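**Q** my_file.txt (compact mmCIF, C-alpha atoms and all ligand atoms) pasted underneath:
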```txt
# COMPACT_ATOMS: atom_id res chain seq x y z
CA MET A 1 0.00 0.00 0.00
CA SER A 2 2.89 2.40 0.58
CA LYS A 3 3.14 3.04 -3.16
CA ASN A 4 -0.57 3.85 -3.21
CA ILE A 5 -0.24 6.15 -0.19
CA ASP A 6 2.34 8.17 -2.14
CA LYS A 7 0.18 8.18 -5.25
CA LEU A 8 -2.98 9.25 -3.40
CA ALA A 9 -1.06 11.89 -1.44
CA LYS A 10 0.23 13.40 -4.67
CA ILE A 11 -3.32 13.55 -6.10
CA VAL A 12 -4.55 15.34 -2.97
CA PHE A 13 -1.50 17.63 -2.85
CA ASP A 14 -1.98 18.70 -6.47
CA ALA A 15 -5.70 19.33 -5.91
CA GLN A 16 -4.99 21.46 -2.83
CA ILE A 17 -2.20 23.49 -4.38
CA ASN A 18 -4.00 24.08 -7.68
CA ALA A 19 -7.53 24.35 -6.21
CA THR A 20 -8.89 21.76 -8.60
CA ALA A 21 -11.81 19.41 -7.99
CA ILE A 22 -11.05 15.68 -8.04
CA SER A 23 -13.10 12.47 -7.99
CA GLN A 24 -13.41 10.64 -4.70
CA LEU A 25 -10.26 8.58 -4.10
CA SER A 26 -12.45 5.78 -2.73
CA GLU A 27 -14.07 5.33 -6.16
CA THR A 28 -10.90 3.75 -7.48
CA GLU A 29 -8.93 2.72 -4.37
CA SER A 30 -9.95 0.90 -1.25
CA PHE A 31 -8.21 2.26 1.83
CA THR A 32 -8.77 2.28 5.58
CA LEU A 33 -9.16 5.25 7.89
CA GLU A 34 -5.65 4.65 9.19
CA GLU A 35 -4.33 4.71 5.62
CA ALA A 36 -6.32 7.89 4.98
CA TYR A 37 -4.41 9.60 7.81
CA ARG A 38 -1.17 8.42 6.19
CA VAL A 39 -2.27 9.96 2.90
CA GLN A 40 -3.06 13.20 4.75
CA ALA A 41 0.32 13.20 6.54
CA LYS A 42 2.18 12.53 3.30
CA SER A 43 0.35 15.26 1.36
CA ILE A 44 1.10 17.77 4.11
CA ASP A 45 4.75 16.65 4.08
CA MET A 46 4.74 17.59 0.39
CA ARG A 47 3.41 21.03 1.28
CA LEU A 48 6.08 21.44 3.97
CA ALA A 49 8.75 20.40 1.48
CA ALA A 50 7.41 23.13 -0.81
CA GLY A 51 7.99 25.77 1.91
CA GLU A 52 4.93 25.80 4.19
CA HIS A 53 5.26 25.14 7.91
CA ARG A 54 2.98 23.58 10.51
CA VAL A 55 1.15 25.93 12.85
CA GLY A 56 -1.42 23.62 14.38
CA MET A 57 -4.35 21.29 13.81
CA LYS A 58 -8.11 21.35 13.35
CA MET A 59 -10.77 19.14 14.79
CA GLY A 60 -13.74 18.13 12.65
CA PHE A 61 -17.10 16.41 13.16
CA THR A 62 -17.18 17.72 16.70
CA SER A 63 -20.93 18.10 16.75
CA ARG A 64 -23.15 15.07 17.31
CA ALA A 65 -25.38 16.08 14.41
CA LYS A 66 -22.46 16.01 11.94
CA MET A 67 -21.22 12.64 13.26
CA VAL A 68 -24.67 11.11 12.85
CA GLN A 69 -24.97 12.62 9.36
CA MET A 70 -21.68 11.01 8.31
CA GLY A 71 -22.35 7.72 10.12
CA VAL A 72 -19.18 8.00 12.20
CA ASP A 73 -18.69 7.79 15.95
CA ASP A 74 -15.51 9.75 16.35
CA MET A 75 -14.11 13.05 15.29
CA ILE A 76 -11.61 13.61 12.50
CA TRP A 77 -8.68 15.99 12.40
CA GLY A 78 -6.46 17.82 9.96
CA ARG A 79 -3.25 19.81 9.85
CA LEU A 80 -2.93 23.61 9.72
CA THR A 81 -0.07 25.35 7.91
CA ASN A 82 1.01 28.99 7.86
CA LEU A 83 -0.25 29.50 4.29
CA MET A 84 -3.77 28.58 5.40
CA LEU A 85 -3.93 31.52 7.82
CA VAL A 86 -6.10 34.38 6.53
CA GLU A 87 -5.39 37.62 8.34
CA ASP A 88 -8.22 38.87 10.56
CA GLY A 89 -9.92 41.59 8.48
CA GLY A 90 -8.20 40.31 5.36
CA GLU A 91 -9.51 39.20 1.99
CA ILE A 92 -9.39 35.93 0.06
CA ASP A 93 -9.55 35.32 -3.66
CA ILE A 94 -12.17 32.69 -4.40
CA SER A 95 -10.20 31.44 -7.38
CA ASN A 96 -7.73 29.95 -4.88
CA TYR A 97 -10.46 27.58 -3.67
CA VAL A 98 -12.72 24.96 -5.25
CA HIS A 99 -16.07 25.60 -3.51
CA PRO A 100 -15.24 27.07 -0.10
CA ARG A 101 -17.52 27.16 2.91
CA VAL A 102 -16.97 28.82 6.27
CA GLU A 103 -17.92 27.77 9.79
CA PRO A 104 -17.70 29.59 13.14
CA GLU A 105 -15.21 28.16 15.60
CA ILE A 106 -13.15 28.81 18.73
CA ALA A 107 -9.35 28.57 18.60
CA TYR A 108 -6.84 27.64 21.29
CA LEU A 109 -3.22 28.80 21.50
CA LEU A 110 -1.11 26.28 23.41
CA LYS A 111 1.55 27.24 25.93
CA ALA A 112 2.65 23.66 26.60
CA PRO A 113 2.77 20.49 24.51
CA LEU A 114 -0.10 18.01 24.74
CA SER A 115 0.22 14.34 23.98
CA GLY A 116 -2.01 11.34 24.55
CA PRO A 117 -5.29 10.84 26.36
CA LEU A 118 -5.95 13.62 28.86
CA SER A 119 -8.72 14.98 31.04
CA THR A 120 -10.30 18.23 29.90
CA VAL A 121 -8.73 19.93 32.94
CA GLU A 122 -5.25 18.78 31.90
CA ALA A 123 -5.91 19.96 28.35
CA TRP A 124 -7.22 23.31 29.57
CA ASN A 125 -4.07 23.85 31.67
CA ALA A 126 -2.03 23.93 28.45
CA VAL A 127 -4.07 26.81 26.98
CA GLU A 128 -2.31 30.16 26.72
CA ALA A 129 -5.21 31.97 25.05
CA ILE A 130 -8.53 31.50 23.27
CA ALA A 131 -9.96 33.41 20.32
CA PRO A 132 -13.03 33.69 18.13
CA ALA A 133 -12.16 31.95 14.87
CA MET A 134 -13.50 30.67 11.57
CA GLU A 135 -12.46 27.76 9.41
CA ILE A 136 -12.69 27.77 5.62
CA ILE A 137 -13.44 24.22 4.56
CA ASP A 138 -12.98 23.43 0.91
CA SER A 139 -13.32 19.78 0.08
CA ARG A 140 -11.33 19.10 -3.04
CA TYR A 141 -13.88 16.44 -4.03
CA GLU A 142 -16.43 17.21 -6.74
CA ASN A 143 -19.75 18.35 -5.30
CA PHE A 144 -18.37 18.21 -1.72
CA LYS A 145 -19.15 14.44 -1.74
CA PHE A 146 -16.87 12.03 0.08
CA THR A 147 -16.53 9.08 2.44
CA VAL A 148 -14.94 9.64 5.84
CA GLU A 149 -11.71 8.08 4.46
CA ASP A 150 -11.79 10.46 1.48
CA VAL A 151 -12.23 13.55 3.62
CA VAL A 152 -9.49 12.56 6.07
CA ALA A 153 -7.08 12.00 3.17
CA ASP A 154 -7.97 15.51 1.98
CA ASN A 155 -6.81 17.11 5.25
CA SER A 156 -10.36 16.93 6.62
CA SER A 157 -11.34 19.64 4.09
CA SER A 158 -9.29 22.27 5.89
CA SER A 159 -8.05 25.05 3.65
CA GLY A 160 -8.06 28.27 5.64
CA PHE A 161 -8.64 29.80 9.05
CA ILE A 162 -9.11 33.21 10.61
CA ILE A 163 -8.19 34.01 14.21
CA GLY A 164 -9.60 37.00 16.13
CA PRO A 165 -8.10 38.69 19.18
CA TRP A 166 -6.49 36.33 21.68
CA CYS A 167 -8.14 36.43 25.13
CA LYS A 168 -6.96 35.07 28.46
CA PRO A 169 -8.53 31.67 29.18
CA ASP A 170 -10.01 32.87 32.44
CA SER A 171 -13.70 32.66 31.66
CA ASP A 172 -16.09 29.75 31.28
CA ILE A 173 -16.43 28.94 27.57
CA ALA A 174 -18.97 26.11 28.00
CA ASN A 175 -21.94 27.94 26.52
CA LEU A 176 -20.96 31.07 24.61
CA GLY A 177 -23.31 32.47 21.99
CA MET A 178 -21.82 32.49 18.48
CA VAL A 179 -23.18 34.47 15.54
CA MET A 180 -21.76 34.28 12.04
CA GLU A 181 -22.83 37.10 9.73
CA PHE A 182 -22.69 37.55 5.96
CA GLU A 183 -22.95 41.22 4.97
CA GLY A 184 -24.00 42.07 8.55
CA ARG A 185 -26.89 39.59 8.50
CA ALA A 186 -26.84 36.55 10.80
CA VAL A 187 -26.57 33.36 8.74
CA GLN A 188 -25.63 30.93 11.52
CA ILE A 189 -26.38 31.25 15.23
CA GLY A 190 -25.11 28.70 17.72
CA SER A 191 -23.37 28.04 20.98
CA SER A 192 -19.94 26.78 21.92
CA ALA A 193 -21.83 24.01 23.75
CA ALA A 194 -22.50 22.45 20.32
CA ILE A 195 -18.79 21.55 20.22
CA LEU A 196 -18.92 18.22 22.08
CA GLY A 197 -21.02 19.76 24.86
CA HIS A 198 -17.96 21.80 25.91
CA PRO A 199 -15.18 22.94 23.57
CA ALA A 200 -12.46 21.90 26.05
CA ARG A 201 -13.44 18.29 25.29
CA SER A 202 -12.37 18.93 21.72
CA LEU A 203 -8.88 19.91 22.88
CA ALA A 204 -8.55 16.76 24.98
CA ALA A 205 -9.74 14.75 21.96
CA ALA A 206 -7.20 16.55 19.76
CA SER A 207 -4.43 15.40 22.07
CA ARG A 208 -5.70 11.81 22.08
CA MET A 209 -6.22 11.57 18.34
CA THR A 210 -2.96 13.15 17.23
CA ALA A 211 -1.03 10.91 19.67
CA GLU A 212 -2.66 7.89 18.02
CA ASP A 213 -0.91 9.11 14.88
CA GLY A 214 2.41 9.63 16.68
CA GLU A 215 2.09 13.43 16.89
CA THR A 216 2.40 15.85 19.80
CA LEU A 217 0.50 19.14 19.87
CA GLU A 218 3.31 21.63 20.28
CA ALA A 219 3.52 24.75 22.45
CA GLY A 220 2.77 27.74 20.22
CA TRP A 221 0.39 25.76 18.01
CA ILE A 222 -3.19 26.73 17.24
CA VAL A 223 -5.97 24.18 17.66
CA LEU A 224 -9.36 24.80 16.03
CA ALA A 225 -12.01 23.25 18.24
CA GLY A 226 -14.52 22.46 15.48
CA GLY A 227 -17.60 24.02 13.93
CA ALA A 228 -20.37 25.19 16.24
CA THR A 229 -22.95 25.32 13.42
CA ALA A 230 -23.36 24.17 9.84
CA ALA A 231 -20.99 25.73 7.30
CA GLU A 232 -22.06 28.42 4.81
CA ALA A 233 -20.98 28.60 1.17
CA LEU A 234 -18.78 31.59 0.33
CA TYR A 235 -19.25 33.75 -2.76
CA GLU A 236 -17.53 36.69 -4.41
CA GLY A 237 -17.87 39.99 -2.60
CA VAL A 238 -19.27 38.64 0.68
CA SER A 239 -18.01 40.00 4.01
CA VAL A 240 -18.03 37.52 6.87
CA ARG A 241 -17.86 37.98 10.64
CA ASN A 242 -17.99 35.57 13.57
CA THR A 243 -18.74 37.02 17.00
CA VAL A 244 -18.31 34.89 20.10
CA GLU A 245 -19.92 36.11 23.31
CA GLY A 246 -17.26 37.49 25.65
CA LEU A 247 -14.38 36.89 23.20
CA GLY A 248 -15.04 39.42 20.43
CA SER A 249 -15.09 38.82 16.71
CA CYS A 250 -13.03 38.05 13.63
CA SER A 251 -13.80 38.83 10.02
CA PHE A 252 -12.67 38.52 6.42
CA GLY A 253 -14.02 39.21 2.97
CA VAL A 254 -14.07 37.50 -0.40
CA ALA A 255 -12.75 39.73 -3.18
CA LYS A 256 -15.19 40.70 -5.97
O1 LIG A 301 -16.12 19.75 11.00
C1 LIG A 301 -15.30 19.82 10.08
O2 LIG A 301 -14.41 20.70 10.02
C2 LIG A 301 -15.40 18.73 9.07
C3 LIG A 301 -14.81 19.08 7.78
C4 LIG A 301 -14.95 17.93 6.86
C5 LIG A 301 -16.34 17.75 6.36
C6 LIG A 301 -16.73 18.83 5.44
O3 LIG A 301 -15.95 19.19 4.53
O4 LIG A 301 -17.86 19.30 5.59
MG MG A 302 -14.09 23.10 11.19
```
Would you mind writing the file out in structure tokens?
**A**
Amino acid sequence: MSKNIDKLAKIVFDAQINATAISQLSETESFTLEEAYRVQAKSIDMRLAAGEHRVGMKMGFTSRAKMVQMGVDDMIWGRLTNLMLVEDGGEIDISNYVHPRVEPEIAYLLKAPLSGPLSTVEAWNAVEAIAPAMEIIDSRYENFKFTVEDVVADNSSSSGFIIGPWCKPDSDIANLGMVMEFEGRAVQIGSSAAILGHPARSLAAASRMTAEDGETLEAGWIVLAGGATAAEALYEGVSVRNTVEGLGSCSFGVAK
């Protein structure tokens, strides 16, 4: 299979770098979830070899509704690189994406490494700061259709993220209201409680899941906790803002 891992990783890498839609890998290859993570790791290695560097990881399928929809009973995760960071208040060019969507999130900045299964309290003790955030998900698969193995191989659809002002982690984030606006109009309203009942659980899960893959979450890394609502499709000219109760907001626009 190692030859196929390399081949599949190159397909995914090319699709990500060139923003081109591809057929589902699972239509022509049979591969396990574990192999899908190897494809993801290899494709990100190709990006690092091309000059990007790792800045963190994202958690996905952190809401029960999304897990049920996909028929899975665990979360998925992906890798964040510096080129995926969109400046708060900045602008993206939609031609750099296939069919991007955006979802409101909360981000963690780590002050200590995390590795292996942990309690939420242990995970929380490694948090330097928290911020309102958004993730741009852009499945490289045609029509946003995939199996769980496909999506994991494709870096769990992650393609961009926006981080708002960092805040001290000294308040309870269990149930914070979150409002994502397009053009100043609310398009998604939710609560941080939708992220596994408490977003700190997502950080503990991030530590467990990355350790299963031989990774440590490093001090200085960003961890995206997962979407609090459904994602919204982006389009040319739209301005987007996510406001999280008590944390402030972050925003970006799509160029016309
Ligand atoms: O929650 C997530 O970030 C899952 C992303 C993968 C599924 C999708 O592209 O909708
Ligand atoms: Mg997400």
**Q** With only C-alpha atoms as the atoms that count, which of A:Glu128, A:Asn4, A:Ala36, A:Met134 lies nearest to A:Glu87?
**A**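 Among A:Glu128, A:Asn4, A:Ala36, A:Met134, it is A:Met134 that comes nearest to A:Glu87.
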**Q** Out of A:Ile11, A:Val240, A:Ala126, A:Ile94, which residue has the shortest atom-to-atom distance to A:Gln188 when counting all atoms listed in the file?
**A** A:Val240
**Q** Could the residues that lie within 9 Å of ligand LIG 301 (chain A), counting all atoms listed in the file, be listed as a PyMOL selection string?
**A** chain A and resi 58-63+66+70+75-78+101+103+135-140+144-146+148+151-152+154-158+224-228+230-231
**Q** Please provide the set of residues having any atom within 12 Å of stretch 108-120 of chain A, restricted to all atoms listed in the file, with same-chain residues fewer than 6 positions apart removed, written as a ChimeraX atom specification.
**A** /A:55-59,126-133,163-169,173-174,196-226
**Q** For atom CA of A:Val98 and atom CA of A:Lys42, determine how far apart the two atoms are, in Å to one decimal place.
**A**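 That distance, rounded to one decimal, is 21.2 Å.
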**Q** Quick one, how far is atom CA of A:Met180 from atom CA of A:Pro100?
**A**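 Computing it gives 15.6 Å between the two atoms.
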**Q** Looking at A:Asp172, A:Glu142, A:Asp150, A:Asp88, which one is nearest to A:Trp124, with distances taken over all atoms listed in the file?
**A**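 Ranking A:Asp172, A:Glu142, A:Asp150, A:Asp88 by distance to A:Trp124, first place goes to A:Asp172.
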**Q** If we count only C-alpha atoms and set the cut-off at 9 Å, which residues sit around A:Met178, ignoring sequence neighbours fewer than 2 positions away in its own chain? Please answer as a list in words.
**A**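 In the requested format, the answer is Pro104, Glu105, Pro132, Leu176, Met180, Gln188, Ile189, Gly190, Ser191, Ser192, Ala228, Thr229, Asn242, Thr243, Val244 and Glu245 of chain A.
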**Q** Between atom CA of A:Gln16 and atom CA of A:Ile162, measure the distance and give it in Å to one decimal.
**A**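 Between atom CA of A:Gln16 and atom CA of A:Ile162 the gap works out to 18.3 Å.
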